[in-house]
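**Student:** One file: coords32.cif (mmCIF, C-alpha atoms and all ligand atoms).
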```cif
data_input
loop_
_atom_site.label_atom_id
_atom_site.label_comp_id
_atom_site.auth_asym_id
_atom_site.auth_seq_id
_atom_site.Cartn_x
_atom_site.Cartn_y
_atom_site.Cartn_z
CA MET A 1116 163.90 284.08 212.54
CA ALA A 1117 165.29 287.04 210.64
CA ARG A 1118 168.32 285.15 209.41
CA VAL A 1119 166.39 282.39 207.56
CA ARG A 1120 166.72 283.14 203.85
CA GLU A 1121 166.24 281.11 200.69
CA ILE A 1122 169.62 280.77 199.00
CA SER A 1123 169.75 278.23 196.24
CA GLN A 1124 173.41 278.51 195.23
CA VAL A 1125 176.67 279.63 196.83
CA ALA A 1126 179.27 280.99 194.41
CA ILE A 1127 183.02 281.54 194.54
CA THR A 1128 183.22 285.29 193.87
CA GLY A 1129 186.93 285.92 194.43
CA THR A 1130 190.23 284.02 194.50
CA GLY A 1131 193.78 284.83 195.58
CA MET A 1132 197.04 283.10 196.41
CA ALA A 1133 200.41 283.77 197.99
CA VAL A 1134 203.71 281.92 197.91
CA PRO A 1135 206.96 282.97 199.56
CA PRO A 1136 209.65 284.22 197.15
CA ARG A 1137 212.29 281.63 198.10
CA ILE A 1138 212.47 278.85 195.51
CA VAL A 1139 214.03 275.57 196.66
CA THR A 1140 215.02 273.34 193.75
CA ASN A 1141 215.49 269.58 193.83
CA ASP A 1142 219.21 270.16 193.29
CA GLU A 1143 219.32 272.32 196.42
CA LEU A 1144 217.72 269.50 198.44
CA SER A 1145 220.18 266.98 196.99
CA LYS A 1146 223.01 269.01 198.55
CA ILE A 1147 221.61 268.50 202.08
CA MET A 1148 220.13 264.98 201.83
CA ASP A 1149 220.59 261.78 199.85
CA THR A 1150 218.22 262.52 196.98
CA SER A 1151 218.39 263.70 193.38
CA ASP A 1152 216.53 265.88 190.92
CA GLU A 1153 216.00 262.77 188.79
CA TRP A 1154 214.40 260.73 191.63
CA ILE A 1155 212.07 263.53 192.73
CA ARG A 1156 210.96 264.45 189.17
CA GLN A 1157 210.40 260.85 188.11
CA ARG A 1158 208.57 259.72 191.25
CA THR A 1159 206.54 262.87 191.95
CA GLY A 1160 206.75 265.41 189.11
CA ILE A 1161 208.06 268.06 191.53
CA GLU A 1162 210.77 270.40 190.19
CA GLU A 1163 210.84 273.04 192.94
CA ARG A 1164 208.87 274.27 195.94
CA ARG A 1165 208.70 277.45 198.05
CA TYR A 1166 209.89 277.88 201.65
CA VAL A 1167 209.07 280.85 203.88
CA ALA A 1168 211.77 283.02 205.38
CA PRO A 1169 212.25 282.62 209.15
CA GLY A 1170 209.54 284.54 210.99
CA VAL A 1171 206.89 284.25 208.26
CA SER A 1172 203.91 282.34 209.58
CA ALA A 1173 200.79 280.68 208.16
CA SER A 1174 198.66 283.72 208.98
CA ASP A 1175 201.07 285.99 207.03
CA LEU A 1176 200.70 283.94 203.84
CA ALA A 1177 196.97 283.56 204.52
CA LEU A 1178 196.63 287.35 204.87
CA GLU A 1179 198.22 288.01 201.46
CA ALA A 1180 196.05 285.40 199.73
CA SER A 1181 192.93 286.71 201.52
CA GLN A 1182 193.59 290.31 200.52
CA LYS A 1183 193.92 289.28 196.88
CA ALA A 1184 190.71 287.22 197.04
CA LEU A 1185 188.85 290.13 198.66
CA ALA A 1186 190.11 292.51 195.96
CA THR A 1187 188.94 290.23 193.11
CA ALA A 1188 185.52 289.97 194.78
CA GLY A 1189 185.41 293.77 195.19
CA LEU A 1190 185.09 293.47 198.97
CA ASN A 1191 186.79 294.76 202.10
CA ALA A 1192 187.72 292.49 205.00
CA THR A 1193 184.92 294.02 207.06
CA ASP A 1194 182.38 292.72 204.50
CA ILE A 1195 183.24 289.17 205.62
CA ASP A 1196 181.16 287.68 208.41
CA PHE A 1197 182.90 284.31 208.88
CA VAL A 1198 186.46 283.07 208.32
CA LEU A 1199 187.36 279.42 207.64
CA VAL A 1200 191.02 278.42 207.69
CA ALA A 1201 192.03 274.94 206.50
CA THR A 1202 195.55 273.97 207.54
CA LEU A 1203 197.62 271.04 208.77
CA SER A 1204 200.51 273.32 209.73
CA PRO A 1205 199.02 275.82 212.19
CA GLU A 1206 201.41 278.43 213.49
CA GLN A 1207 200.76 277.29 217.06
CA TYR A 1208 199.23 274.18 218.58
CA PHE A 1209 196.54 276.54 219.84
CA PRO A 1210 194.91 279.04 219.34
CA GLY A 1211 193.93 278.17 215.78
CA THR A 1212 195.41 280.01 212.81
CA CYS A 1213 192.02 281.64 212.15
CA SER A 1214 192.46 283.83 215.25
CA PHE A 1215 195.81 285.16 214.01
CA LEU A 1216 194.47 285.78 210.51
CA GLN A 1217 191.30 287.42 211.85
CA ALA A 1218 193.42 289.94 213.78
CA LYS A 1219 195.75 290.61 210.82
CA LEU A 1220 192.70 291.28 208.63
CA GLY A 1221 191.81 294.04 211.09
CA LEU A 1222 188.57 292.36 212.11
CA SER A 1223 187.13 293.10 215.51
CA THR A 1224 184.82 290.23 216.58
CA THR A 1225 184.07 288.46 213.28
CA SER A 1226 183.75 284.73 213.88
CA GLY A 1227 185.52 281.80 212.26
CA LEU A 1228 187.34 278.54 212.88
CA ASP A 1229 190.12 276.22 211.76
CA ILE A 1230 189.42 273.10 209.72
CA ARG A 1231 191.64 270.13 210.53
CA ALA A 1232 191.12 267.86 207.54
CA GLN A 1233 194.69 267.98 206.20
CA CYS A 1234 195.09 267.94 202.41
CA SER A 1235 191.30 267.68 201.98
CA GLY A 1236 190.66 270.74 204.16
CA PHE A 1237 189.64 273.05 201.31
CA VAL A 1238 186.96 270.61 200.08
CA TYR A 1239 185.62 270.41 203.63
CA GLY A 1240 185.67 274.22 203.71
CA LEU A 1241 183.53 274.42 200.56
CA GLU A 1242 181.10 271.97 202.16
CA MET A 1243 180.88 273.99 205.37
CA GLY A 1244 180.85 277.37 203.64
CA GLN A 1245 178.02 276.33 201.34
CA ALA A 1246 175.95 275.03 204.25
CA LEU A 1247 176.57 278.10 206.42
CA ILE A 1248 175.54 280.53 203.68
CA ALA A 1249 172.63 278.47 202.30
CA SER A 1250 171.19 278.19 205.82
CA GLY A 1251 171.21 281.97 206.15
CA GLN A 1252 173.69 281.87 209.05
CA TYR A 1253 176.30 283.99 207.22
CA LYS A 1254 176.41 286.06 204.03
CA ARG A 1255 180.05 286.22 203.01
CA ILE A 1256 182.70 283.70 204.00
CA LEU A 1257 186.45 283.92 203.51
CA LEU A 1258 187.81 280.38 203.04
CA VAL A 1259 191.59 280.00 203.16
CA GLY A 1260 193.84 276.99 202.67
CA VAL A 1261 197.32 277.71 204.02
CA GLU A 1262 200.44 275.75 204.82
CA VAL A 1263 203.83 276.66 206.26
CA GLN A 1264 205.29 273.17 206.33
CA SER A 1265 208.98 273.80 205.66
CA PRO A 1266 210.01 274.42 209.31
CA ALA A 1267 208.63 270.98 210.31
CA LEU A 1268 210.39 269.01 207.57
CA ASP A 1269 213.21 266.63 208.47
CA LEU A 1270 215.76 267.88 205.94
CA THR A 1271 218.11 264.93 206.45
CA ASP A 1272 218.49 261.51 204.78
CA ARG A 1273 216.05 260.12 207.38
CA GLY A 1274 213.27 262.48 206.29
CA ARG A 1275 213.91 262.50 202.54
CA ASP A 1276 210.74 260.58 201.59
CA THR A 1277 208.50 263.37 202.92
CA ALA A 1278 210.86 266.37 202.92
CA ALA A 1279 211.14 266.21 199.13
CA LEU A 1280 207.38 266.57 198.72
CA PHE A 1281 206.04 269.44 200.78
CA GLY A 1282 206.07 273.20 200.26
CA ASP A 1283 204.59 276.42 201.62
CA GLY A 1284 201.73 278.46 200.15
CA ALA A 1285 198.25 279.86 200.61
CA GLY A 1286 195.08 280.14 198.55
CA ALA A 1287 191.84 281.91 199.42
CA VAL A 1288 188.33 282.20 198.05
CA ILE A 1289 185.27 284.30 198.87
CA LEU A 1290 181.93 282.50 199.13
CA GLU A 1291 178.64 284.40 198.65
CA ALA A 1292 175.11 283.77 197.41
CA ALA A 1293 175.21 283.33 193.63
CA LYS A 1294 173.47 285.97 191.51
CA ASN A 1295 172.91 283.44 188.71
CA PRO A 1296 171.09 280.42 190.20
CA LYS A 1297 172.90 278.10 187.76
CA HIS A 1298 176.31 279.11 189.10
CA GLY A 1299 178.08 278.08 192.28
CA ILE A 1300 178.77 274.99 194.37
CA GLN A 1301 176.60 272.16 193.05
CA ARG A 1302 177.63 269.31 195.34
CA VAL A 1303 180.33 268.46 197.85
CA ILE A 1304 180.94 264.96 199.23
CA THR A 1305 183.58 264.18 201.87
CA HIS A 1306 184.71 261.04 203.69
CA ILE A 1307 187.03 259.91 206.48
CA GLU A 1308 188.56 256.50 207.11
CA GLY A 1309 190.08 257.06 210.54
CA LYS A 1310 191.53 253.58 210.87
CA HIS A 1311 194.37 254.72 208.61
CA ALA A 1312 195.19 257.83 210.67
CA ASP A 1313 198.60 256.36 211.54
CA LYS A 1314 199.71 256.12 207.90
CA LEU A 1315 200.50 259.83 207.50
CA GLY A 1316 201.00 262.47 210.14
CA VAL A 1317 203.15 264.25 212.71
CA GLN A 1318 203.20 262.32 215.97
CA TYR A 1319 204.50 264.85 218.51
CA PRO A 1320 203.59 266.88 220.49
CA SER A 1321 200.97 264.39 221.71
CA ALA A 1322 199.09 263.77 224.93
CA ILE A 1323 199.30 260.02 224.29
CA GLY A 1324 201.36 258.39 227.01
CA GLY A 1325 200.94 261.36 229.30
CA VAL A 1326 204.00 263.16 227.91
CA TRP A 1327 203.62 266.18 225.69
CA ILE A 1328 207.06 266.10 224.11
CA LYS A 1329 210.46 264.75 225.10
CA PRO A 1330 213.92 265.66 223.77
CA GLU A 1331 214.14 262.18 222.17
CA HIS A 1332 210.99 262.86 220.14
CA ILE A 1333 212.87 265.72 218.53
CA ALA A 1334 216.07 263.69 218.14
CA ASP A 1335 214.14 260.75 216.59
CA GLY A 1336 212.35 262.96 214.07
CA GLY A 1337 208.94 262.36 215.68
CA VAL A 1338 208.07 266.04 215.22
CA SER A 1339 208.30 265.76 211.40
CA PRO A 1340 205.80 264.19 208.97
CA LYS A 1341 205.93 260.40 208.61
CA MET A 1342 204.21 258.59 205.76
CA ASP A 1343 203.73 255.08 204.46
CA GLY A 1344 204.00 256.42 200.91
CA ARG A 1345 202.95 253.34 198.94
CA PHE A 1346 199.96 252.69 201.19
CA VAL A 1347 198.80 256.30 200.86
CA PHE A 1348 199.35 256.22 197.09
CA LYS A 1349 197.17 253.10 196.67
CA HIS A 1350 194.34 254.58 198.71
CA ALA A 1351 194.52 257.96 196.93
CA VAL A 1352 194.16 256.41 193.46
CA THR A 1353 191.15 254.39 194.66
CA ARG A 1354 189.31 256.88 196.83
CA MET A 1355 189.59 259.92 194.56
CA PRO A 1356 187.85 258.28 191.55
CA GLU A 1357 185.27 256.76 193.92
CA VAL A 1358 184.20 260.11 195.34
CA ILE A 1359 184.28 261.77 191.91
CA ASN A 1360 181.88 259.09 190.65
CA GLU A 1361 179.65 259.67 193.69
CA VAL A 1362 179.38 263.37 192.80
CA LEU A 1363 178.85 262.67 189.09
CA LEU A 1364 176.11 260.11 189.84
CA ASP A 1365 174.41 262.45 192.30
CA GLN A 1366 174.36 265.21 189.67
CA GLY A 1367 173.38 263.00 186.73
CA LEU A 1368 176.64 263.89 184.96
CA SER A 1369 179.46 261.94 183.37
CA VAL A 1370 183.17 262.59 182.79
CA PRO A 1371 182.79 264.52 179.46
CA ASP A 1372 180.41 267.00 181.19
CA ILE A 1373 183.28 268.37 183.31
CA ASP A 1374 185.29 271.25 181.83
CA LEU A 1375 188.19 271.39 184.29
CA TRP A 1376 189.62 268.79 186.68
CA LEU A 1377 191.63 270.06 189.64
CA PHE A 1378 193.26 267.33 191.73
CA HIS A 1379 195.18 267.61 194.95
CA GLN A 1380 198.87 267.90 194.13
CA ALA A 1381 200.57 265.14 196.13
CA ASN A 1382 202.13 263.31 193.23
CA LEU A 1383 201.78 263.89 189.49
CA ARG A 1384 201.71 260.11 189.01
CA ILE A 1385 198.58 259.87 191.19
CA ASN A 1386 196.80 262.46 189.05
CA GLU A 1387 197.92 260.94 185.74
CA HIS A 1388 196.80 257.52 186.97
CA ILE A 1389 193.34 258.85 187.89
CA ALA A 1390 192.95 260.82 184.65
CA GLN A 1391 193.97 257.84 182.54
CA GLY A 1392 191.71 255.44 184.45
CA MET A 1393 188.67 257.72 184.16
CA GLY A 1394 189.22 258.77 180.54
CA ILE A 1395 189.85 262.41 181.46
CA PRO A 1396 191.63 264.30 178.64
CA VAL A 1397 194.90 265.82 179.79
CA GLU A 1398 193.96 269.25 178.38
CA LYS A 1399 191.06 269.38 180.86
CA THR A 1400 193.45 269.00 183.83
CA TYR A 1401 195.78 271.54 185.38
CA ASN A 1402 198.69 270.78 187.72
CA ASN A 1403 201.09 273.05 189.59
CA ILE A 1404 203.00 270.47 191.67
CA GLN A 1405 206.01 271.09 189.41
CA LYS A 1406 206.38 274.63 190.85
CA TYR A 1407 205.10 274.31 194.40
CA GLY A 1408 205.30 270.65 195.49
CA ASN A 1409 202.54 269.44 197.78
CA THR A 1410 201.00 272.47 199.50
CA SER A 1411 198.34 270.35 201.27
CA ALA A 1412 195.19 272.36 202.13
CA ALA A 1413 196.44 275.34 200.08
CA THR A 1414 196.66 273.33 196.85
CA LEU A 1415 193.12 273.53 195.46
CA PRO A 1416 192.56 277.27 196.04
CA MET A 1417 196.01 277.96 194.56
CA LEU A 1418 195.12 275.92 191.45
CA LEU A 1419 191.80 277.73 191.18
CA ASP A 1420 193.44 281.15 191.45
CA GLU A 1421 196.08 280.30 188.84
CA CYS A 1422 193.38 279.05 186.45
CA ARG A 1423 191.31 282.21 186.96
CA ARG A 1424 194.30 284.48 186.31
CA ASP A 1425 195.27 282.42 183.23
CA GLY A 1426 191.79 282.96 181.79
CA ARG A 1427 191.02 279.22 181.93
CA LEU A 1428 187.70 279.71 183.74
CA LYS A 1429 184.62 280.73 181.75
CA ASP A 1430 181.19 281.37 183.23
CA GLY A 1431 179.21 278.14 183.20
CA ASP A 1432 182.31 275.88 183.26
CA ARG A 1433 181.95 272.84 185.49
CA ILE A 1434 185.00 272.38 187.74
CA MET A 1435 185.60 269.19 189.70
CA MET A 1436 187.98 269.65 192.65
CA THR A 1437 189.17 266.51 194.43
CA ALA A 1438 191.56 265.90 197.31
CA PHE A 1439 192.94 263.09 199.45
CA GLY A 1440 194.97 263.40 202.60
CA ALA A 1441 195.99 262.28 206.06
CA GLY A 1442 193.25 260.99 208.29
CA PHE A 1443 192.51 259.49 205.75
CA THR A 1444 190.24 262.26 204.51
CA TRP A 1445 189.04 262.77 200.95
CA GLY A 1446 186.36 264.58 199.04
CA SER A 1447 185.22 266.13 195.83
CA ALA A 1448 183.43 269.39 195.05
CA LEU A 1449 181.62 270.26 191.83
CA VAL A 1450 181.41 273.99 191.13
CA THR A 1451 179.85 275.78 188.18
CA TRP A 1452 182.03 278.82 187.64
CA GLY A 1453 180.48 282.29 187.74
CA LYS A 1454 178.86 284.66 190.24
O1 LIG B 1501 199.19 264.76 200.39
C1 LIG B 1501 198.72 263.66 201.13
C2 LIG B 1501 198.65 262.43 200.31
N1 LIG B 1501 199.99 261.98 199.98
C3 LIG B 1501 200.17 261.18 198.95
O2 LIG B 1501 199.23 260.87 198.24
C4 LIG B 1501 201.55 260.62 198.68
C5 LIG B 1501 201.46 259.20 198.19
N2 LIG B 1501 202.75 258.54 198.00
C6 LIG B 1501 203.62 258.90 197.05
O3 LIG B 1501 203.43 259.85 196.34
C7 LIG B 1501 204.85 258.02 196.85
O4 LIG B 1501 204.68 256.82 197.56
C8 LIG B 1501 206.17 258.72 197.25
C9 LIG B 1501 206.52 259.82 196.27
C10 LIG B 1501 206.07 259.27 198.64
C11 LIG B 1501 207.32 257.69 197.22
O5 LIG B 1501 207.43 257.12 195.92
P1 LIG B 1501 207.53 255.52 195.74
O6 LIG B 1501 207.70 255.29 194.31
O7 LIG B 1501 206.31 254.92 196.42
O8 LIG B 1501 208.84 255.18 196.51
P2 LIG B 1501 209.07 254.25 197.79
O9 LIG B 1501 208.55 254.91 199.03
O10 LIG B 1501 208.56 252.87 197.50
O11 LIG B 1501 210.62 254.22 197.85
C12 LIG B 1501 211.42 253.67 196.78
C13 LIG B 1501 212.87 253.90 197.09
C14 LIG B 1501 213.25 253.49 198.50
O12 LIG B 1501 214.55 252.92 198.44
P3 LIG B 1501 214.76 251.33 198.37
O13 LIG B 1501 214.10 250.79 199.62
O14 LIG B 1501 214.09 250.88 197.12
O15 LIG B 1501 216.24 251.18 198.36
C15 LIG B 1501 213.32 254.79 199.24
O16 LIG B 1501 214.19 254.74 200.34
O17 LIG B 1501 213.16 255.31 197.00
C16 LIG B 1501 213.83 255.73 198.19
N3 LIG B 1501 213.51 257.13 198.45
C17 LIG B 1501 214.20 258.15 197.92
N4 LIG B 1501 215.26 258.18 197.13
C18 LIG B 1501 215.74 259.39 196.76
C19 LIG B 1501 212.49 257.62 199.20
N5 LIG B 1501 212.52 258.99 199.17
C20 LIG B 1501 213.58 259.32 198.39
C21 LIG B 1501 214.12 260.55 197.98
N6 LIG B 1501 215.20 260.54 197.17
N7 LIG B 1501 213.59 261.75 198.35
#
```
Could you render the structure as structure tokens?
Ligand code: UT7
**Tutor:**
Amino acid sequence: MARVREISQVAITGTGMAVPPRIVTNDELSKIMDTSDEWIRQRTGIEERRYVAPGVSASDLALEASQKALATAGLNATDIDFVLVATLSPEQYFPGTCSFLQAKLGLSTTSGLDIRAQCSGFVYGLEMGQALIASGQYKRILLVGVEVQSPALDLTDRGRDTAALFGDGAGAVILEAAKNPKHGIQRVITHIEGKHADKLGVQYPSAIGGVWIKPEHIADGGVSPKMDGRFVFKHAVTRMPEVINEVLLDQGLSVPDIDLWLFHQANLRINEHIAQGMGIPVEKTYNNIQKYGNTSAATLPMLLDECRRDGRLKDGDRIMMTAFGAGFTWGSALVTWGK
């Protein structure tokens, strides 16, 4: 009974991000596989991405981003009572990355879990975090999106269609009850269309067929991401506007009411296509795919942190964050900035 509280709004009270120092340019990739700076820039907008040094894991990047988010919220790790970690590149098959991060944060028995919703994981995290705080179950949640994808990439001609896209990084936010009832997460809507789960993913290790992993799975590249790029592209440019319109309709808002549009960074062409189709002015969008490539679940919190540090976020601004990813999963979150 004691934990039931009336919380109208859940705000983002801190943000942080971390990327490894090693920059990998398109030219560097073109030395090890049949690709070019021109192809990657024209087709995706990516100029460079970051790769971790050997031995650096998802929980290491997540820790750095979390510490920065805690500092901007004026909190210590022990003030957190639940940890959500969205990732498609966990450091082990199990236990989840949350356990490793929880220990590195110096927490004793604080609870948490991993979210497996791929590039949409951060939007799902906002949905879960809002519900868990609004219900009175928890007071302060650390939500992290983190990816260490570079070790799984097939850096050969065979893997060039996906290897050119992905990078490593982490972003974190703190979720707490909003002090101003007008601020905070207004609405989150997510979807899955599982029938397309085979269009993007890493196949092995897998229990299917009764074999966990065989040497030929490694030799055939079955342990690296595989994607039907055009199919994914078509669905992304359809589903993202659809879910944005669902959120706008639910909130009685229209496109000009939004101050900042943050899209998942899978391909600059996807985001330009959506912005053009919906009449979104380019100055109300912000992209970082040029610097980091596709950082999957880490993308949205990294964008948010960069915008906060650039002074782009003013109290009362409406931010629409939208993602699409493997599964297929997609979703959109409307947040009014401020504590
Ligand atoms: O984050 C999760 C969601 N992911 C997405 O939303 C990604 C959606 N898909 C895409 O962004 C694009 O489909 C890609 C960037 C992956 C590919 O761009 P595309 O314009 O759809 O190219 P394509 O797959 O149709 O390939 C065109 C050509 C092919 O050669 P041919 O068959 O025309 O001779 C590919 O083999 O480009 C070739 N190609 C490359 N060439 C140089 C594929 N990857 C590369 C590469 N460098 N890295």
**Student:** In Å, with one decimal, what is the gap from atom C4 of ligand LIG 1501 (chain B) to atom CA of A:Ile1230?
**Tutor:**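 Straight-line distance from atom C4 of ligand LIG 1501 (chain B) to atom CA of A:Ile1230 works out to 20.6 Å.
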**Student:** Which residue gives the smallest distance to ligand LIG 1501 (chain B) among A:Asp1343, A:Glu1291, A:Asp1372, A:Asp1313, with all atoms listed in the file counted?
**Tutor:**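 The shortest atom-to-atom distance to ligand LIG 1501 (chain B) comes from A:Asp1343.
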**Student:** Each side padded by 3 Å, which centre and which edge lengths in Å (one decimal) define the axis-aligned box around the listed atoms of stretch 1413-1417 of chain A? Give them as lines of an AutoDock Vina configuration file.
**Tutor:**
```
center_x = 194.6
center_y = 275.6
center_z = 197.3
size_x = 10.1
size_y = 10.6
size_z = 11.5
```
**Student:** Neighbouring residues of stretch 1427-1435 of chain A were defined as those with any atom within 9 Å, considering all atoms listed in the file; residues of the same chain fewer than 2 positions away were excluded. Please report them as a list in words.
**Tutor:**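 The residues satisfying every condition are Lys1297, His1298, Ile1359, Asp1372, Ile1373, Asp1374, Leu1375, Trp1376, Leu1377, Phe1378, Leu1419, Glu1421, Cys1422, Arg1423, Arg1424, Asp1425, Thr1437, Ser1447, Ala1448, Leu1449, Val1450, Thr1451, Trp1452, Gly1453 and Lys1454 of chain A.
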**Student:** Any chance you could tabulate, as a Markdown table, the residues of chain A at most 6 Å from ligand LIG 1501 (chain B) with each one's nearest atom pair and distance in Å to one decimal, using all atoms listed in the file, in chain and rising number order?
**Tutor:**
```
| residue | atom | partner | partner_atom | distance |
| --- | --- | --- | --- | --- |
| A:Thr1150 | CA | B:LIG1501 | N6 | 3.6 |
| A:Ser1151 | CA | B:LIG1501 | N6 | 5.9 |
| A:Trp1154 | CA | B:LIG1501 | C18 | 5.5 |
| A:Arg1158 | CA | B:LIG1501 | C9 | 5.4 |
| A:Thr1159 | CA | B:LIG1501 | C9 | 5.3 |
| A:Cys1234 | CA | B:LIG1501 | O1 | 5.6 |
| A:Arg1275 | CA | B:LIG1501 | N7 | 4.3 |
| A:Asp1276 | CA | B:LIG1501 | N5 | 3.4 |
| A:Ala1279 | CA | B:LIG1501 | N7 | 5.1 |
| A:Gly1344 | CA | B:LIG1501 | O4 | 3.4 |
| A:Arg1345 | CA | B:LIG1501 | O4 | 4.1 |
| A:Val1347 | CA | B:LIG1501 | C5 | 4.8 |
| A:Phe1348 | CA | B:LIG1501 | C5 | 3.8 |
| A:Ala1351 | CA | B:LIG1501 | O2 | 5.7 |
| A:Ala1381 | CA | B:LIG1501 | O1 | 4.5 |
| A:Asn1382 | CA | B:LIG1501 | O3 | 4.8 |
| A:Ser1411 | CA | B:LIG1501 | O1 | 5.7 |
| A:Phe1439 | CA | B:LIG1501 | C2 | 5.8 |
| A:Gly1440 | CA | B:LIG1501 | C1 | 4.0 |
| A:Ala1441 | CA | B:LIG1501 | C1 | 5.8 |
```
**Student:** For each of A:Leu1280, A:Ala1267, A:Ile1395, A:Ile1385, take the minimum atom-to-atom distance to A:Ser1369, counting all atoms listed in the file, then give the residue where this is smallest.
**Tutor:**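 Under the stated criterion, the closest residue is A:Ile1395.
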**Student:** Which one of A:Gly1426, A:Pro1169, A:Gly1316, A:Gly1236 sits closest to A:Gly1446 if you count only C-alpha atoms?
**Tutor:**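 Going through A:Gly1426, A:Pro1169, A:Gly1316, A:Gly1236 one by one, the smallest distance to A:Gly1446 is for A:Gly1236.
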**Student:** Give me the residues of stretch 1254-1354 of chain A that have any atom at most 9 Å from an atom of stretch 1241-1244 of chain A; for each, the nearest atom pair and the distance in Å, rounded to one decimal. Use only C-alpha atoms, sort by chain and number, and format it as a Markdown table.
**Tutor:**
```
| residue | atom | partner | partner_atom | distance |
| --- | --- | --- | --- | --- |
| A:Arg1255 | CA | A:Gly1244 | CA | 8.9 |
| A:Ile1256 | CA | A:Gly1244 | CA | 6.6 |
| A:Leu1257 | CA | A:Gly1244 | CA | 8.6 |
| A:Leu1258 | CA | A:Gly1244 | CA | 7.6 |
| A:Leu1290 | CA | A:Gly1244 | CA | 6.9 |
| A:Glu1291 | CA | A:Gly1244 | CA | 8.9 |
| A:Ile1300 | CA | A:Leu1241 | CA | 7.8 |
| A:Arg1302 | CA | A:Glu1242 | CA | 8.1 |
| A:Val1303 | CA | A:Glu1242 | CA | 5.6 |
| A:Ile1304 | CA | A:Glu1242 | CA | 7.6 |
| A:Thr1305 | CA | A:Glu1242 | CA | 8.2 |
```
**Student:** Give me the residues within 10 Å of stretch 1320-1328 of chain A as a list in words, counting all atoms listed in the file and dropping any in the same chain fewer than 2 places off.
**Tutor:** Tyr1208, Val1317, Gln1318, Pro1330, Glu1331, His1332, Ile1333, Gly1337 and Val1338 of chain A
**Student:** Of the candidates A:Met1342, A:Met1148, A:Ala1412, A:Ala1173, which shows the shortest atom-to-atom distance to A:Gln1207, using all atoms listed in the file?
**Tutor:**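 Between A:Met1342, A:Met1148, A:Ala1412, A:Ala1173, the residue approaching A:Gln1207 most closely is A:Ala1173.
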**Student:** Point out the residue among A:Ser1214, A:Ser1339, A:Gln1124, A:Thr1130 with the least atom-to-atom distance to A:Met1417, counting only C-alpha atoms.
**Tutor:**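 The answer is A:Thr1130, which sits nearest to A:Met1417.
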**Student:** Which one is closest to A:Leu1418: A:Leu1222, A:Ile1127, A:Met1132, A:Val1370? Count only C-alpha atoms.
**Tutor:**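 Ranking A:Leu1222, A:Ile1127, A:Met1132, A:Val1370 by distance to A:Leu1418, first place goes to A:Met1132.
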**Student:** Do you have the atom CA of A:Gly1392-atom CA of A:Gln1366 distance handy?
**Tutor:**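 Between atom CA of A:Gly1392 and atom CA of A:Gln1366 the gap works out to 20.6 Å.
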**Student:** Calculate how many Å separate atom CA of A:Leu1185 from atom CA of A:Ile1138, rounding to one decimal.
**Tutor:** 26.4 Å
**Student:** At most 9 Å from (189.5, 258.6, 193.3), file frame, all atoms listed in the file: which residues, as an mmCIF file with C-alpha atoms, in the coordinates of the input?
**Tutor:**
```cif
data_model
loop_
_atom_site.group_PDB
_atom_site.id
_atom_site.type_symbol
_atom_site.label_atom_id
_atom_site.label_comp_id
_atom_site.auth_asym_id
_atom_site.auth_seq_id
_atom_site.Cartn_x
_atom_site.Cartn_y
_atom_site.Cartn_z
ATOM 1 C CA HIS A 1350 194.340 254.580 198.710
ATOM 2 C CA ALA A 1351 194.520 257.960 196.930
ATOM 3 C CA VAL A 1352 194.160 256.410 193.460
ATOM 4 C CA THR A 1353 191.150 254.390 194.660
ATOM 5 C CA ARG A 1354 189.310 256.880 196.830
ATOM 6 C CA MET A 1355 189.590 259.920 194.560
ATOM 7 C CA PRO A 1356 187.850 258.280 191.550
ATOM 8 C CA GLU A 1357 185.270 256.760 193.920
ATOM 9 C CA VAL A 1358 184.200 260.110 195.340
ATOM 10 C CA ILE A 1359 184.280 261.770 191.910
ATOM 11 C CA ASN A 1360 181.880 259.090 190.650
ATOM 12 C CA ILE A 1389 193.340 258.850 187.890
ATOM 13 C CA THR A 1437 189.170 266.510 194.430
ATOM 14 C CA ALA A 1438 191.560 265.900 197.310
ATOM 15 C CA PHE A 1439 192.940 263.090 199.450
ATOM 16 C CA TRP A 1445 189.040 262.770 200.950
ATOM 17 C CA GLY A 1446 186.360 264.580 199.040
#
```
**Student:** Add whatever atoms are absent from stretch 1288-1292 of chain A to reach N, CA, C and O atoms, and provide the output as a tab-separated table (two decimals), keeping the file's coordinate frame.
**Tutor:**
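Output file selection-v5.tsv follows:
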```tsv
chain	number	residue	atom	x	y	z
A	1288	VAL	N	189.50	281.90	198.87
A	1288	VAL	CA	188.33	282.20	198.05
A	1288	VAL	C	187.30	282.93	198.90
A	1288	VAL	O	187.30	282.82	200.13
A	1289	ILE	N	186.42	283.66	198.22
A	1289	ILE	CA	185.27	284.30	198.87
A	1289	ILE	C	184.02	283.53	198.45
A	1289	ILE	O	183.85	283.24	197.25
A	1290	LEU	N	183.19	283.20	199.41
A	1290	LEU	CA	181.93	282.50	199.13
A	1290	LEU	C	180.76	283.43	199.44
A	1290	LEU	O	180.72	284.04	200.52
A	1291	GLU	N	179.84	283.55	198.47
A	1291	GLU	CA	178.64	284.40	198.65
A	1291	GLU	C	177.48	283.76	197.90
A	1291	GLU	O	177.68	282.91	197.04
A	1292	ALA	N	176.27	284.23	198.17
A	1292	ALA	CA	175.11	283.77	197.41
A	1292	ALA	C	175.33	284.09	195.93
A	1292	ALA	O	175.77	285.19	195.59
```
